[in-house]
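run_32.txt, holding compact mmCIF, C-alpha atoms and all ligand atoms:
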```txt
# COMPACT_ATOMS: atom_id res chain seq x y z
CA MET A 1 -144.10 139.59 -35.76
CA LEU A 2 -145.31 136.71 -37.84
CA LYS A 3 -142.74 135.36 -40.24
CA CYS A 4 -143.27 132.97 -43.10
CA PRO A 5 -141.77 129.57 -42.20
CA ASN A 6 -141.17 128.89 -45.86
CA CYS A 7 -139.33 131.96 -47.12
CA GLN A 8 -138.76 133.88 -43.85
CA SER A 9 -140.51 136.89 -45.35
CA LYS A 10 -142.36 139.30 -43.13
CA ASP A 11 -144.54 140.43 -45.97
CA ILE A 12 -147.57 138.75 -44.44
CA GLY A 13 -151.13 139.83 -45.03
CA LYS A 14 -154.02 139.06 -42.73
CA ILE A 15 -156.89 137.44 -44.59
CA GLY A 16 -159.08 136.31 -41.72
CA VAL A 17 -159.23 135.41 -38.05
CA ASN A 18 -155.92 133.68 -37.38
CA GLN A 19 -155.42 133.40 -41.13
CA TYR A 20 -152.51 134.94 -42.98
CA TYR A 21 -151.09 134.99 -46.46
CA CYS A 22 -147.49 135.29 -47.57
CA TRP A 23 -147.20 137.69 -50.48
CA ASN A 24 -143.71 136.50 -51.20
CA CYS A 25 -144.21 132.77 -51.74
CA PHE A 26 -148.02 132.71 -51.86
CA ILE A 27 -148.76 130.26 -49.12
CA GLU A 28 -151.55 130.51 -46.63
CA MET A 29 -150.98 130.24 -42.90
CA THR A 30 -153.32 129.48 -40.07
CA VAL A 31 -152.21 130.18 -36.53
CA SER A 32 -153.61 127.83 -33.97
CA LYS A 33 -152.48 127.29 -30.39
CA GLY A 34 -149.15 129.02 -31.06
CA VAL A 35 -148.31 126.88 -34.07
CA ILE A 36 -148.40 127.97 -37.68
CA ASN A 37 -150.10 125.60 -40.07
CA THR A 38 -149.13 126.17 -43.68
CA HIS A 39 -151.15 125.49 -46.79
CA GLN A 40 -150.60 125.92 -50.45
CA VAL A 41 -153.49 126.90 -52.68
CA GLU A 42 -153.57 124.60 -55.66
CA GLU A 43 -154.62 125.69 -59.12
CA ASP A 44 -158.04 124.15 -58.63
CA GLY A 45 -158.53 126.15 -55.43
CA SER A 46 -158.02 123.31 -53.00
CA LEU A 47 -155.60 123.55 -50.10
CA SER A 48 -152.75 121.16 -49.53
CA SER A 49 -150.85 121.09 -46.28
CA LEU A 50 -147.19 122.02 -46.27
CA ASP A 51 -146.66 121.25 -42.61
CA ASP A 52 -144.53 118.21 -43.39
CA LEU A 53 -141.92 120.48 -44.94
CA PHE A 54 -141.17 122.31 -41.73
CA ASP A 55 -139.88 121.36 -38.34
CA GLU A 56 -142.25 121.85 -35.47
CA GLN A 57 -139.77 124.40 -34.14
CA ASP A 58 -139.98 126.50 -37.29
CA ARG A 59 -143.73 126.60 -37.01
CA GLN A 60 -143.88 127.88 -33.47
CA PHE A 61 -145.46 131.28 -33.44
CA SER A 62 -143.78 133.72 -31.12
CA MET A 63 -144.49 137.39 -30.74
ZN ZN B 101 -143.42 132.93 -47.68
```
Using structure tokens, write down the structure from this file.
Ligand SMILES: [Zn+2]
Amino acid sequence: MLKCPNCQSKDIGKIGVNQYYCWNCFIEMTVSKGVINTHQVEEDGSLSSLDDLFDEQDRQFSM
């Protein structure tokens, strides 16, 4: 089960192929090669990466 690396919530919605959205803290996640990449949607609609905030270990995607 995919878990949000930011808030640990499991309230994750699928928004596309390998793309997920956390309804709890409103960040977007992309799963690629077993690693979760996190993005925040800015007010102007652009995406900024949040990957620097998390350890590589926290971003590992495991079933
Ligand atoms: Zn979250």
Problem set entry | Nearest-residue call for Phe54 in chain A, choices A:Asn18, A:Thr30, A:Asn6, A:Asn24, using only C-alpha atoms |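 Of the candidates, the smallest distance to Phe54 in chain A is held by A:Asn6.
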Problem set entry | Selection within 9 Å of ligand ZN 101 (chain B) by only C-alpha atoms and all ligand atoms, output as a list in words |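 For ligand ZN 101 (chain B), the residues inside 9 Å are Lys3, Cys4, Pro5, Asn6, Cys7, Gln8, Ser9, Lys10, Asp11, Ile12, Tyr21, Cys22, Trp23, Asn24, Cys25, Phe26, Ile27 and Glu28 of chain A.
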Residue neighbourhood Leu53 in chain A, 10 Å, all atoms listed in the file, exclusion window fewer than 3 positions, as a PDB file with C-alpha atoms, keeping the file's coordinate frame:
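Written out: around.pdb:
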```pdb
ATOM      1  CA  PRO A   5    -141.770 129.570 -42.200  1.00  0.00           C
ATOM      2  CA  ASN A   6    -141.170 128.890 -45.860  1.00  0.00           C
ATOM      3  CA  THR A  38    -149.130 126.170 -43.680  1.00  0.00           C
ATOM      4  CA  SER A  49    -150.850 121.090 -46.280  1.00  0.00           C
ATOM      5  CA  LEU A  50    -147.190 122.020 -46.270  1.00  0.00           C
ATOM      6  CA  GLU A  56    -142.250 121.850 -35.470  1.00  0.00           C
ATOM      7  CA  ASP A  58    -139.980 126.500 -37.290  1.00  0.00           C
TER       8      ASP A  58
END
```
For this session: Measuring atom to atom with only C-alpha atoms, identify which of A:Leu2, A:Leu47, A:Gln60, A:Gly16 is nearest to Lys33 in chain A.
Result: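 For Lys33 in chain A, the nearest of the candidates is A:Gln60.
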Exercise. Looking at A:Ile15, A:Met1, A:Gly34, A:Met29, which one is nearest to Asp51 in chain A, with distances taken over all atoms listed in the file?
Worked result: A:Met29
Problem set entry | Which residue of A:Ile36, A:Val31, A:Gln19, A:Lys14 approaches Gln57 in chain A most closely, using only C-alpha atoms |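 That would be A:Ile36, the residue with the smallest distance to Gln57 in chain A.
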